[in-house]
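Peer 1: Just model_28.pdb, nothing more (PDB, C-alpha atoms and all ligand atoms):
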ATOM      1  CA  MET A 149     -19.177  53.029 -11.431
ATOM      2  CA  THR A 150     -17.841  52.656  -7.897
ATOM      3  CA  GLU A 151     -19.879  51.001  -5.181
ATOM      4  CA  ALA A 152     -20.359  54.319  -3.442
ATOM      5  CA  ALA A 153     -21.605  55.934  -6.633
ATOM      6  CA  LEU A 154     -23.979  53.047  -7.206
ATOM      7  CA  LYS A 155     -25.442  53.420  -3.739
ATOM      8  CA  GLU A 156     -25.675  57.154  -4.263
ATOM      9  CA  ALA A 157     -27.588  56.571  -7.492
ATOM     10  CA  LYS A 158     -30.533  54.933  -5.770
ATOM     11  CA  GLN A 159     -31.187  55.424  -2.106
ATOM     12  CA  PRO A 160     -33.558  52.866  -0.584
ATOM     13  CA  SER A 161     -35.732  55.655   0.755
ATOM     14  CA  GLU A 162     -36.637  56.711  -2.789
ATOM     15  CA  ILE A 163     -38.431  53.437  -3.399
ATOM     16  CA  ASN A 164     -42.133  53.140  -2.884
ATOM     17  CA  LEU A 165     -42.831  49.658  -1.542
ATOM     18  CA  GLU A 166     -46.378  49.631  -2.878
ATOM     19  CA  SER A 167     -45.415  50.198  -6.488
ATOM     20  CA  GLY A 168     -42.218  48.113  -6.584
ATOM     21  CA  PRO A 169     -39.073  49.424  -8.242
ATOM     22  CA  ASP A 170     -39.226  52.481 -10.485
ATOM     23  CA  ALA A 171     -40.361  51.785 -13.995
ATOM     24  CA  GLY A 172     -37.674  53.993 -15.517
ATOM     25  CA  GLU A 173     -34.014  54.507 -14.634
ATOM     26  CA  HIS A 174     -32.754  51.775 -12.325
ATOM     27  CA  GLN A 175     -29.509  50.926 -10.586
ATOM     28  CA  THR A 176     -28.617  47.849  -8.629
ATOM     29  CA  VAL A 177     -27.398  48.721  -5.134
ATOM     30  CA  GLY A 178     -24.597  46.984  -3.240
ATOM     31  CA  ALA A 179     -21.772  45.089  -4.920
ATOM     32  CA  PRO A 180     -22.910  43.601  -8.233
ATOM     33  CA  PHE A 181     -19.371  43.542  -9.612
ATOM     34  CA  HIS A 182     -16.462  41.234  -8.810
ATOM     35  CA  ASP A 183     -12.673  41.587  -9.147
ATOM     36  CA  ASN A 184     -12.232  38.078 -10.525
ATOM     37  CA  ALA A 185     -15.247  37.554 -12.782
ATOM     38  CA  LYS A 186     -16.021  34.254 -14.482
ATOM     39  CA  ILE A 187     -19.232  35.602 -15.992
ATOM     40  CA  THR A 188     -19.781  39.253 -16.846
ATOM     41  CA  VAL A 189     -23.381  40.281 -17.497
ATOM     42  CA  ARG A 190     -24.068  43.779 -18.826
ATOM     43  CA  ASN A 191     -27.376  45.474 -19.553
ATOM     44  CA  VAL A 192     -29.327  42.302 -20.146
ATOM     45  CA  ASP A 193     -33.004  42.619 -21.062
ATOM     46  CA  VAL A 194     -35.234  39.613 -21.678
ATOM     47  CA  PHE A 195     -38.579  39.664 -23.471
ATOM     48  CA  TYR A 196     -41.256  37.014 -23.942
ATOM     49  CA  ALA A 197     -42.875  38.270 -27.158
ATOM     50  CA  ASP A 198     -43.508  41.948 -26.306
ATOM     51  CA  LYS A 199     -43.590  41.453 -22.520
ATOM     52  CA  GLN A 200     -40.332  42.344 -20.777
ATOM     53  CA  ALA A 201     -39.369  39.912 -17.987
ATOM     54  CA  VAL A 202     -35.811  41.058 -17.121
ATOM     55  CA  PHE A 203     -34.739  44.717 -17.067
ATOM     56  CA  ASP A 204     -31.204  45.956 -17.633
ATOM     57  CA  VAL A 205     -29.333  43.501 -15.411
ATOM     58  CA  SER A 206     -25.590  43.986 -14.916
ATOM     59  CA  LEU A 207     -23.787  41.532 -12.661
ATOM     60  CA  ASP A 208     -20.460  39.730 -12.321
ATOM     61  CA  ILE A 209     -20.262  36.167 -11.079
ATOM     62  CA  GLY A 210     -16.844  35.501  -9.547
ATOM     63  CA  LYS A 211     -14.630  32.481 -10.141
ATOM     64  CA  ASN A 212     -15.397  29.752  -7.597
ATOM     65  CA  GLU A 213     -18.121  31.888  -6.157
ATOM     66  CA  VAL A 214     -21.518  30.569  -5.077
ATOM     67  CA  ILE A 215     -24.077  33.261  -5.838
ATOM     68  CA  ALA A 216     -27.685  32.832  -4.707
ATOM     69  CA  MET A 217     -30.582  34.423  -6.582
ATOM     70  CA  ILE A 218     -33.680  35.138  -4.563
ATOM     71  CA  GLY A 219     -36.919  37.072  -4.974
ATOM     72  CA  PRO A 220     -40.693  36.691  -5.204
ATOM     73  CA  SER A 221     -42.241  34.220  -7.628
ATOM     74  CA  GLY A 222     -42.304  35.573 -11.170
ATOM     75  CA  CYS A 223     -39.521  38.120 -10.599
ATOM     76  CA  GLY A 224     -37.384  36.621 -13.372
ATOM     77  CA  LYS A 225     -34.864  34.441 -11.510
ATOM     78  CA  SER A 226     -35.249  31.405 -13.777
ATOM     79  CA  THR A 227     -35.416  33.568 -16.883
ATOM     80  CA  PHE A 228     -32.166  35.281 -15.900
ATOM     81  CA  LEU A 229     -30.431  32.019 -14.977
ATOM     82  CA  ARG A 230     -31.390  30.496 -18.335
ATOM     83  CA  CYS A 231     -29.668  33.402 -20.110
ATOM     84  CA  LEU A 232     -26.332  32.211 -18.744
ATOM     85  CA  ASN A 233     -26.224  29.095 -20.930
ATOM     86  CA  ARG A 234     -28.580  30.222 -23.704
ATOM     87  CA  MET A 235     -31.312  27.929 -22.440
ATOM     88  CA  ASN A 236     -33.880  30.609 -23.347
ATOM     89  CA  ASP A 237     -33.095  29.767 -26.992
ATOM     90  CA  THR A 238     -35.381  26.778 -26.496
ATOM     91  CA  ILE A 239     -38.347  29.148 -25.932
ATOM     92  CA  ASP A 240     -39.470  30.503 -29.319
ATOM     93  CA  ILE A 241     -40.923  33.809 -28.131
ATOM     94  CA  CYS A 242     -37.981  34.610 -25.844
ATOM     95  CA  ARG A 243     -35.486  37.310 -26.859
ATOM     96  CA  VAL A 244     -32.361  38.257 -24.888
ATOM     97  CA  THR A 245     -30.342  41.441 -25.495
ATOM     98  CA  GLY A 246     -27.210  42.907 -23.889
ATOM     99  CA  SER A 247     -23.895  41.189 -23.247
ATOM    100  CA  ILE A 248     -22.960  38.065 -21.270
ATOM    101  CA  LYS A 249     -19.331  37.019 -21.321
ATOM    102  CA  LEU A 250     -17.906  33.733 -20.091
ATOM    103  CA  GLU A 251     -14.403  35.069 -19.485
ATOM    104  CA  GLU A 252     -13.679  36.590 -22.929
ATOM    105  CA  LYS A 253     -16.354  34.771 -24.912
ATOM    106  CA  GLU A 254     -19.602  36.552 -25.764
ATOM    107  CA  ILE A 255     -22.205  33.893 -25.190
ATOM    108  CA  LEU A 256     -25.105  35.893 -26.638
ATOM    109  CA  ASP A 257     -23.298  35.861 -29.991
ATOM    110  CA  THR A 258     -25.709  33.952 -32.250
ATOM    111  CA  LYS A 259     -22.740  32.414 -34.073
ATOM    112  CA  ILE A 260     -21.455  30.415 -31.097
ATOM    113  CA  ASP A 261     -22.328  26.738 -30.816
ATOM    114  CA  VAL A 262     -24.569  26.253 -27.772
ATOM    115  CA  VAL A 263     -23.774  22.529 -27.398
ATOM    116  CA  PRO A 264     -20.222  23.045 -26.052
ATOM    117  CA  LEU A 265     -21.432  26.170 -24.209
ATOM    118  CA  ARG A 266     -23.938  24.078 -22.264
ATOM    119  CA  ALA A 267     -21.151  21.683 -21.316
ATOM    120  CA  GLU A 268     -19.091  24.641 -20.034
ATOM    121  CA  VAL A 269     -22.117  26.126 -18.283
ATOM    122  CA  GLY A 270     -24.116  23.140 -17.046
ATOM    123  CA  MET A 271     -27.565  23.227 -15.518
ATOM    124  CA  VAL A 272     -29.384  21.313 -12.790
ATOM    125  CA  PHE A 273     -33.152  21.711 -12.792
ATOM    126  CA  GLN A 274     -35.811  21.949 -10.116
ATOM    127  CA  LYS A 275     -37.175  18.473 -10.703
ATOM    128  CA  PRO A 276     -34.561  15.725 -11.044
ATOM    129  CA  ASN A 277     -34.714  14.640 -14.692
ATOM    130  CA  PRO A 278     -32.542  11.554 -15.209
ATOM    131  CA  PHE A 279     -32.682  10.085 -18.701
ATOM    132  CA  PRO A 280     -34.548   6.764 -18.997
ATOM    133  CA  LYS A 281     -31.193   4.984 -19.056
ATOM    134  CA  SER A 282     -28.939   3.238 -16.573
ATOM    135  CA  ILE A 283     -27.123   5.155 -13.842
ATOM    136  CA  TYR A 284     -23.879   4.568 -15.770
ATOM    137  CA  ASP A 285     -25.305   5.763 -19.077
ATOM    138  CA  ASN A 286     -26.796   8.878 -17.503
ATOM    139  CA  VAL A 287     -23.344  10.001 -16.390
ATOM    140  CA  ALA A 288     -21.557   8.696 -19.512
ATOM    141  CA  TYR A 289     -23.996  10.477 -21.846
ATOM    142  CA  GLY A 290     -22.258  13.869 -21.946
ATOM    143  CA  PRO A 291     -18.687  12.527 -22.130
ATOM    144  CA  ARG A 292     -19.811  10.280 -25.016
ATOM    145  CA  ILE A 293     -21.407  13.034 -27.087
ATOM    146  CA  HIS A 294     -18.505  15.395 -26.435
ATOM    147  CA  GLY A 295     -15.944  12.654 -27.204
ATOM    148  CA  LEU A 296     -14.191  13.038 -23.844
ATOM    149  CA  ALA A 297     -13.118   9.393 -23.534
ATOM    150  CA  SER A 298     -11.425   7.285 -26.193
ATOM    151  CA  ARG A 299     -11.474   4.014 -24.262
ATOM    152  CA  ARG A 300     -14.024   2.279 -22.097
ATOM    153  CA  SER A 301     -11.658   2.418 -19.120
ATOM    154  CA  GLU A 302     -11.459   6.206 -19.428
ATOM    155  CA  LEU A 303     -15.233   6.454 -19.549
ATOM    156  CA  ASP A 304     -15.491   4.187 -16.490
ATOM    157  CA  GLU A 305     -13.144   6.506 -14.688
ATOM    158  CA  ILE A 306     -15.117   9.656 -15.595
ATOM    159  CA  VAL A 307     -18.328   7.968 -14.438
ATOM    160  CA  GLU A 308     -16.797   6.903 -11.129
ATOM    161  CA  THR A 309     -15.155  10.253 -10.399
ATOM    162  CA  SER A 310     -18.310  12.192 -11.263
ATOM    163  CA  LEU A 311     -20.460   9.994  -9.049
ATOM    164  CA  GLN A 312     -17.916  10.383  -6.255
ATOM    165  CA  LYS A 313     -17.869  14.167  -6.594
ATOM    166  CA  ALA A 314     -21.658  14.136  -6.528
ATOM    167  CA  GLY A 315     -21.584  12.110  -3.299
ATOM    168  CA  LEU A 316     -23.476   9.190  -4.850
ATOM    169  CA  TRP A 317     -20.800   6.600  -5.664
ATOM    170  CA  ASN A 318     -21.097   4.522  -2.487
ATOM    171  CA  GLU A 319     -24.854   4.262  -2.874
ATOM    172  CA  VAL A 320     -24.819   3.134  -6.522
ATOM    173  CA  LYS A 321     -21.492   1.438  -7.244
ATOM    174  CA  ASP A 322     -23.079  -2.007  -7.094
ATOM    175  CA  ARG A 323     -25.963  -1.153  -9.387
ATOM    176  CA  LEU A 324     -24.501   1.075 -12.085
ATOM    177  CA  HIS A 325     -26.559  -0.681 -14.742
ATOM    178  CA  ALA A 326     -29.888  -0.255 -12.956
ATOM    179  CA  PRO A 327     -32.172   2.516 -14.282
ATOM    180  CA  GLY A 328     -31.464   6.049 -13.004
ATOM    181  CA  THR A 329     -35.181   6.610 -12.609
ATOM    182  CA  GLY A 330     -35.258   3.867  -9.937
ATOM    183  CA  LEU A 331     -33.296   6.009  -7.466
ATOM    184  CA  SER A 332     -34.892   8.130  -4.736
ATOM    185  CA  GLY A 333     -35.561  11.812  -5.510
ATOM    186  CA  GLY A 334     -32.466  12.999  -3.649
ATOM    187  CA  GLN A 335     -30.315  10.351  -5.316
ATOM    188  CA  GLN A 336     -31.748  11.285  -8.732
ATOM    189  CA  GLN A 337     -30.829  14.923  -8.139
ATOM    190  CA  ARG A 338     -27.263  13.891  -7.199
ATOM    191  CA  LEU A 339     -27.227  11.734 -10.362
ATOM    192  CA  CYS A 340     -28.191  14.824 -12.373
ATOM    193  CA  ILE A 341     -25.366  16.732 -10.679
ATOM    194  CA  ALA A 342     -22.963  13.869 -11.557
ATOM    195  CA  ARG A 343     -24.207  14.028 -15.167
ATOM    196  CA  THR A 344     -23.566  17.774 -15.234
ATOM    197  CA  ILE A 345     -20.051  17.566 -13.787
ATOM    198  CA  ALA A 346     -19.065  14.603 -15.991
ATOM    199  CA  VAL A 347     -18.337  17.003 -18.866
ATOM    200  CA  SER A 348     -16.065  19.176 -16.665
ATOM    201  CA  PRO A 349     -18.125  22.362 -16.695
ATOM    202  CA  GLU A 350     -16.723  25.654 -15.460
ATOM    203  CA  VAL A 351     -20.043  26.964 -14.199
ATOM    204  CA  ILE A 352     -23.038  25.116 -12.754
ATOM    205  CA  LEU A 353     -26.469  26.729 -12.780
ATOM    206  CA  MET A 354     -29.018  25.337 -10.337
ATOM    207  CA  ASP A 355     -32.675  26.336 -10.440
ATOM    208  CA  GLU A 356     -34.238  25.454  -7.083
ATOM    209  CA  PRO A 357     -32.370  22.120  -7.037
ATOM    210  CA  CYS A 358     -33.784  21.075  -3.650
ATOM    211  CA  SER A 359     -37.406  22.120  -3.983
ATOM    212  CA  ALA A 360     -38.553  18.540  -4.608
ATOM    213  CA  LEU A 361     -36.340  17.032  -1.884
ATOM    214  CA  ASP A 362     -36.765  16.215   1.795
ATOM    215  CA  PRO A 363     -34.573  17.924   4.447
ATOM    216  CA  ILE A 364     -32.005  15.109   4.538
ATOM    217  CA  ALA A 365     -31.554  15.001   0.765
ATOM    218  CA  THR A 366     -31.472  18.826   0.801
ATOM    219  CA  ALA A 367     -28.698  18.829   3.411
ATOM    220  CA  LYS A 368     -26.684  16.455   1.202
ATOM    221  CA  ILE A 369     -27.043  18.696  -1.847
ATOM    222  CA  GLU A 370     -26.087  21.747   0.223
ATOM    223  CA  GLU A 371     -22.937  20.000   1.474
ATOM    224  CA  LEU A 372     -22.194  19.062  -2.083
ATOM    225  CA  ILE A 373     -22.551  22.679  -3.257
ATOM    226  CA  ALA A 374     -19.930  23.706  -0.702
ATOM    227  CA  GLU A 375     -17.538  21.020  -1.972
ATOM    228  CA  LEU A 376     -18.227  21.739  -5.633
ATOM    229  CA  SER A 377     -17.503  25.427  -5.186
ATOM    230  CA  GLU A 378     -13.830  24.535  -4.753
ATOM    231  CA  ASN A 379     -13.741  23.633  -8.438
ATOM    232  CA  PHE A 380     -16.728  25.298 -10.034
ATOM    233  CA  THR A 381     -18.562  28.600 -10.159
ATOM    234  CA  ILE A 382     -22.150  28.109  -9.014
ATOM    235  CA  ALA A 383     -25.288  30.208  -9.476
ATOM    236  CA  ILE A 384     -28.266  28.901  -7.522
ATOM    237  CA  VAL A 385     -31.865  30.071  -7.523
ATOM    238  CA  THR A 386     -33.621  29.288  -4.284
ATOM    239  CA  HIS A 387     -36.837  30.128  -2.483
ATOM    240  CA  SER A 388     -35.235  29.190   0.809
ATOM    241  CA  MET A 389     -33.494  32.095   2.470
ATOM    242  CA  GLN A 390     -31.929  29.665   4.929
ATOM    243  CA  GLN A 391     -30.474  27.767   2.005
ATOM    244  CA  ALA A 392     -29.133  30.947   0.392
ATOM    245  CA  ALA A 393     -27.594  31.876   3.740
ATOM    246  CA  ARG A 394     -26.007  28.440   4.156
ATOM    247  CA  VAL A 395     -24.519  27.934   0.698
ATOM    248  CA  SER A 396     -23.717  31.260  -0.927
ATOM    249  CA  ASN A 397     -21.014  33.920  -0.802
ATOM    250  CA  ARG A 398     -23.133  36.656  -2.347
ATOM    251  CA  THR A 399     -26.872  36.986  -2.778
ATOM    252  CA  ALA A 400     -28.706  38.761  -5.597
ATOM    253  CA  TYR A 401     -32.224  40.011  -4.917
ATOM    254  CA  PHE A 402     -34.568  40.309  -7.916
ATOM    255  CA  HIS A 403     -37.878  42.138  -7.891
ATOM    256  CA  MET A 404     -40.262  42.436 -10.853
ATOM    257  CA  GLY A 405     -37.524  41.675 -13.350
ATOM    258  CA  LYS A 406     -34.985  44.077 -11.854
ATOM    259  CA  LEU A 407     -31.821  43.232 -10.003
ATOM    260  CA  ILE A 408     -32.364  45.334  -6.894
ATOM    261  CA  GLU A 409     -29.394  44.457  -4.708
ATOM    262  CA  VAL A 410     -26.301  42.267  -4.666
ATOM    263  CA  ASN A 411     -24.204  41.976  -1.535
ATOM    264  CA  GLU A 412     -22.323  39.545   0.648
ATOM    265  CA  THR A 413     -24.939  37.034   1.745
ATOM    266  CA  GLU A 414     -24.574  37.828   5.410
ATOM    267  CA  GLN A 415     -25.180  41.493   4.744
ATOM    268  CA  VAL A 416     -28.236  40.812   2.590
ATOM    269  CA  PHE A 417     -29.856  38.859   5.409
ATOM    270  CA  THR A 418     -28.814  41.066   8.304
ATOM    271  CA  ASN A 419     -28.432  44.575   6.961
ATOM    272  CA  PRO A 420     -29.636  44.907   3.360
ATOM    273  CA  ASP A 421     -28.988  48.120   1.468
ATOM    274  CA  HIS A 422     -32.383  48.275  -0.190
ATOM    275  CA  LYS A 423     -35.864  48.567   1.291
ATOM    276  CA  LEU A 424     -37.283  46.061  -1.171
ATOM    277  CA  THR A 425     -34.705  43.461  -0.100
ATOM    278  CA  GLU A 426     -35.508  44.157   3.511
ATOM    279  CA  ALA A 427     -39.237  43.834   2.887
ATOM    280  CA  TYR A 428     -38.673  40.467   1.211
ATOM    281  CA  ILE A 429     -36.353  38.975   3.787
ATOM    282  CA  THR A 430     -38.599  40.052   6.628
ATOM    283  CA  GLY A 431     -41.537  38.374   4.894
ATOM    284  CA  ARG A 432     -43.521  41.475   3.973
ATOM    285  CA  PHE A 433     -44.048  40.075   0.471
ATOM    286  CA  GLY A 434     -43.109  37.104  -1.654
TER     287      GLY A 434
HETATM  288  N1  LIG B 501     -42.035  30.497 -21.393
HETATM  289  C1  LIG B 501     -42.563  31.678 -21.030
HETATM  290  N2  LIG B 501     -43.405  32.341 -21.844
HETATM  291  C2  LIG B 501     -43.932  33.547 -21.484
HETATM  292  N3  LIG B 501     -43.667  34.167 -20.323
HETATM  293  C3  LIG B 501     -42.852  33.552 -19.467
HETATM  294  C4  LIG B 501     -42.238  32.282 -19.763
HETATM  295  N4  LIG B 501     -41.455  31.925 -18.718
HETATM  296  C5  LIG B 501     -41.565  32.927 -17.812
HETATM  297  N5  LIG B 501     -42.388  33.898 -18.247
HETATM  298  C6  LIG B 501     -42.755  35.137 -17.540
HETATM  299  O1  LIG B 501     -41.553  35.820 -17.179
HETATM  300  C7  LIG B 501     -41.647  36.332 -15.851
HETATM  301  C8  LIG B 501     -40.509  35.774 -15.018
HETATM  302  O2  LIG B 501     -40.706  34.350 -14.866
HETATM  303  P1  LIG B 501     -39.630  33.399 -14.200
HETATM  304  O3  LIG B 501     -40.092  32.001 -14.418
HETATM  305  O4  LIG B 501     -38.288  33.769 -14.699
HETATM  306  O5  LIG B 501     -39.760  33.815 -12.669
HETATM  307  P2  LIG B 501     -39.120  33.157 -11.358
HETATM  308  O6  LIG B 501     -38.548  34.283 -10.568
HETATM  309  O7  LIG B 501     -38.232  32.044 -11.731
HETATM  310  O8  LIG B 501     -40.421  32.608 -10.608
HETATM  311  P3  LIG B 501     -40.586  31.312  -9.663
HETATM  312  O9  LIG B 501     -39.963  31.699  -8.353
HETATM  313  O10 LIG B 501     -42.059  31.160  -9.553
HETATM  314  O11 LIG B 501     -39.909  30.155 -10.331
HETATM  315  C9  LIG B 501     -43.039  35.971 -15.353
HETATM  316  O12 LIG B 501     -43.876  37.070 -15.563
HETATM  317  C10 LIG B 501     -43.434  34.814 -16.223
HETATM  318  O13 LIG B 501     -44.830  34.759 -16.387
HETATM  319 MG    MG B 502     -38.261  29.987 -11.400
END
Go ahead and render the structure in this file as structure tokens.
Ligand SMILES: Nc1ncnc2c1ncn2[C@@H]1O[C@H](COP(=O)(O)OP(=O)(O)OP(=O)(O)O)[C@@H](O)[C@H]1O
Ligand SMILES: [Mg+2]

Peer 2:
Amino acid sequence: MTEAALKEAKQPSEINLESGPDAGEHQTVGAPFHDNAKITVRNVDVFYADKQAVFDVSLDIGKNEVIAMIGPSGCGKSTFLRCLNRMNDTIDICRVTGSIKLEEKEILDTKIDVVPLRAEVGMVFQKPNPFPKSIYDNVAYGPRIHGLASRRSELDEIVETSLQKAGLWNEVKDRLHAPGTGLSGGQQQRLCIARTIAVSPEVILMDEPCSALDPIATAKIEELIAELSENFTIAIVTHSMQQAARVSNRTAYFHMGKLIEVNETEQVFTNPDHKLTEAYITGRFG
């Protein structure tokens, strides 16, 4: 469907703000598709037991794009993000249907091995979660289990490069064998980013990666996101509209499990296509 047809399908004026999006037929407005997609999501529904949490989401995430996902608490942002590397598999009652392709590979195919998938599509969580190991071993962990280095010198090099890319090398190079948990919160989050990039992912998912950090540590992570986007595709969930505006190319607005609007970030924050997006960004709910 063309963009124009998509807009035609659901005019903002048809939406009643009090009742949220329609329960039935639903179309995302704006530009959910991308000419150079890294991830192609089609008609994804997610259920926790018999309760549906995500409704019929179709979205492309472009190569080297940073896409921000915003929306009120409980609207399904984390649930949707976790679909992209099969992390919902770890929740017994969770069921995901539809299609999600990483380039040509169907990642919802139950036959694929999720261990290499999660190296290709890495994830950084809300709360920094370094392993109770040294800084070195935190970063070396993934390369070791995926057999990415045959010699110690190669492993040393992966560890150094990953810490450099994560903007942490200068702060830790003299204490690589100290525990990762002894770093500050912002440093721990950069360590987790180094651990994620050490296995050369193609996509990095970040679920509110700065929510536990102070403004200085947050600024560092945001700078890092800009640098990382040269080499990786990044999907970031954030509650901070300023952060979405600073780091992302496109923004996706979720509401009660539905993907309401996707557009260039600047447009979403200045001239959204949908009334629900407008209500959210102007602080009328959420
Ligand atoms: N493990 C779970 N078991 C059952 N229901 C869940 C589970 N995780 C999430 N849900 C439900 O799915 C819906 C979407 O939750 P989700 O955590 O994806 O929202 P969110 O947009 O990330 O919210 P927040 O901004 O608060 O993090 C909510 O109704 C939530 O209660
Ligand atoms: Mg969440």

Peer 1: With only C-alpha atoms and all ligand atoms as the atoms that count, which of A:Ala346, A:Ile293, A:Val214, A:Leu229 lies nearest to ligand MG 502 (chain B)?

Peer 2: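 Checking each candidate against ligand MG 502 (chain B), we get A:Leu229 as the closest.
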
Peer 1: Got a sec to check which residues lie within 9 Å of ligand LIG 501 (chain B), using all atoms listed in the file, and send them as a PyMOL selection string?

Peer 2: chain A and resi 194-197+199-202+217-230+236+239-242+355-356+385-387+402-405

Peer 1: Can you turn the PyMOL selection byres (((chain A and resi 203-205) around 6) and not hetatm) into a concrete residue list for this file, as a list of chain:residue names?

Peer 2: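 Applied to this file, the PyMOL selection byres (((chain A and resi 203-205) around 6) and not hetatm) returns A:Asn191, A:Val192, A:Asp193, A:Val202, A:Ser206, A:Gly405, A:Lys406, A:Leu407.
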
Peer 1: Starting from the shown file, work through the PyMOL selection byres (((chain A and resi 366) around 12) and not hetatm) and note down what comes out as a PDB file with C-alpha atoms, in the coordinates of the input.

Peer 2:
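What ended up in result_38.pdb:
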ATOM      1  CA  GLY A 333     -35.561  11.812  -5.510  1.00  0.00           C
ATOM      2  CA  GLY A 334     -32.466  12.999  -3.649  1.00  0.00           C
ATOM      3  CA  GLN A 335     -30.315  10.351  -5.316  1.00  0.00           C
ATOM      4  CA  GLN A 337     -30.829  14.923  -8.139  1.00  0.00           C
ATOM      5  CA  ARG A 338     -27.263  13.891  -7.199  1.00  0.00           C
ATOM      6  CA  GLU A 356     -34.238  25.454  -7.083  1.00  0.00           C
ATOM      7  CA  PRO A 357     -32.370  22.120  -7.037  1.00  0.00           C
ATOM      8  CA  CYS A 358     -33.784  21.075  -3.650  1.00  0.00           C
ATOM      9  CA  SER A 359     -37.406  22.120  -3.983  1.00  0.00           C
ATOM     10  CA  ALA A 360     -38.553  18.540  -4.608  1.00  0.00           C
ATOM     11  CA  LEU A 361     -36.340  17.032  -1.884  1.00  0.00           C
ATOM     12  CA  ASP A 362     -36.765  16.215   1.795  1.00  0.00           C
ATOM     13  CA  PRO A 363     -34.573  17.924   4.447  1.00  0.00           C
ATOM     14  CA  ILE A 364     -32.005  15.109   4.538  1.00  0.00           C
ATOM     15  CA  ALA A 365     -31.554  15.001   0.765  1.00  0.00           C
ATOM     16  CA  ALA A 367     -28.698  18.829   3.411  1.00  0.00           C
ATOM     17  CA  LYS A 368     -26.684  16.455   1.202  1.00  0.00           C
ATOM     18  CA  ILE A 369     -27.043  18.696  -1.847  1.00  0.00           C
ATOM     19  CA  GLU A 370     -26.087  21.747   0.223  1.00  0.00           C
ATOM     20  CA  GLU A 371     -22.937  20.000   1.474  1.00  0.00           C
ATOM     21  CA  LEU A 372     -22.194  19.062  -2.083  1.00  0.00           C
ATOM     22  CA  ILE A 373     -22.551  22.679  -3.257  1.00  0.00           C
ATOM     23  CA  THR A 386     -33.621  29.288  -4.284  1.00  0.00           C
ATOM     24  CA  SER A 388     -35.235  29.190   0.809  1.00  0.00           C
ATOM     25  CA  GLN A 390     -31.929  29.665   4.929  1.00  0.00           C
ATOM     26  CA  GLN A 391     -30.474  27.767   2.005  1.00  0.00           C
ATOM     27  CA  ARG A 394     -26.007  28.440   4.156  1.00  0.00           C
ATOM     28  CA  VAL A 395     -24.519  27.934   0.698  1.00  0.00           C
TER      29      VAL A 395
END

Peer 1: Name the residues in contact with segment 408-418 of chain A at a cut-off of 6 Å, using all atoms listed in the file, excluding same-chain residues fewer than 2 positions from it; report them as a list in words.

Peer 2: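 What passes the distance filter is Thr176, Val177, Gly178, Ala179, Pro180, Asn397, Arg398, Thr399, Ala400, Tyr401, Phe402, Lys406 and Pro420 of chain A.
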
Peer 1: For the PyMOL selection byres (((chain A and resi 344) around 8) and not hetatm), applied here, can you spell out every residue it catches as a PDB file with C-alpha atoms, in the coordinates of the input?

Peer 2:
ATOM      1  CA  ALA A 267     -21.151  21.683 -21.316  1.00  0.00           C
ATOM      2  CA  GLY A 270     -24.116  23.140 -17.046  1.00  0.00           C
ATOM      3  CA  MET A 271     -27.565  23.227 -15.518  1.00  0.00           C
ATOM      4  CA  VAL A 272     -29.384  21.313 -12.790  1.00  0.00           C
ATOM      5  CA  VAL A 287     -23.344  10.001 -16.390  1.00  0.00           C
ATOM      6  CA  GLY A 290     -22.258  13.869 -21.946  1.00  0.00           C
ATOM      7  CA  CYS A 340     -28.191  14.824 -12.373  1.00  0.00           C
ATOM      8  CA  ILE A 341     -25.366  16.732 -10.679  1.00  0.00           C
ATOM      9  CA  ALA A 342     -22.963  13.869 -11.557  1.00  0.00           C
ATOM     10  CA  ARG A 343     -24.207  14.028 -15.167  1.00  0.00           C
ATOM     11  CA  ILE A 345     -20.051  17.566 -13.787  1.00  0.00           C
ATOM     12  CA  ALA A 346     -19.065  14.603 -15.991  1.00  0.00           C
ATOM     13  CA  VAL A 347     -18.337  17.003 -18.866  1.00  0.00           C
ATOM     14  CA  SER A 348     -16.065  19.176 -16.665  1.00  0.00           C
ATOM     15  CA  PRO A 349     -18.125  22.362 -16.695  1.00  0.00           C
ATOM     16  CA  ILE A 352     -23.038  25.116 -12.754  1.00  0.00           C
TER      17      ILE A 352
END

Peer 1: Report, in Å to a single decimal, how far apart atom CA of Leu250 of chain A and atom CA of Glu268 of chain A are.

Peer 2: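 Atom CA of Leu250 of chain A lies 9.2 Å from atom CA of Glu268 of chain A.
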
Peer 1: Expressed in Å to a single decimal, how great is the separation between atom CA of Lys186 of chain A and atom CA of Ile306 of chain A?

Peer 2: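 Those two atoms sit 24.6 Å apart.
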
Peer 1: Between A:Leu296, A:Lys259, A:Asp198, A:Arg323, which residue has the minimum interatomic distance to Arg243 of chain A, considering all atoms listed in the file?

Peer 2: A:Asp198
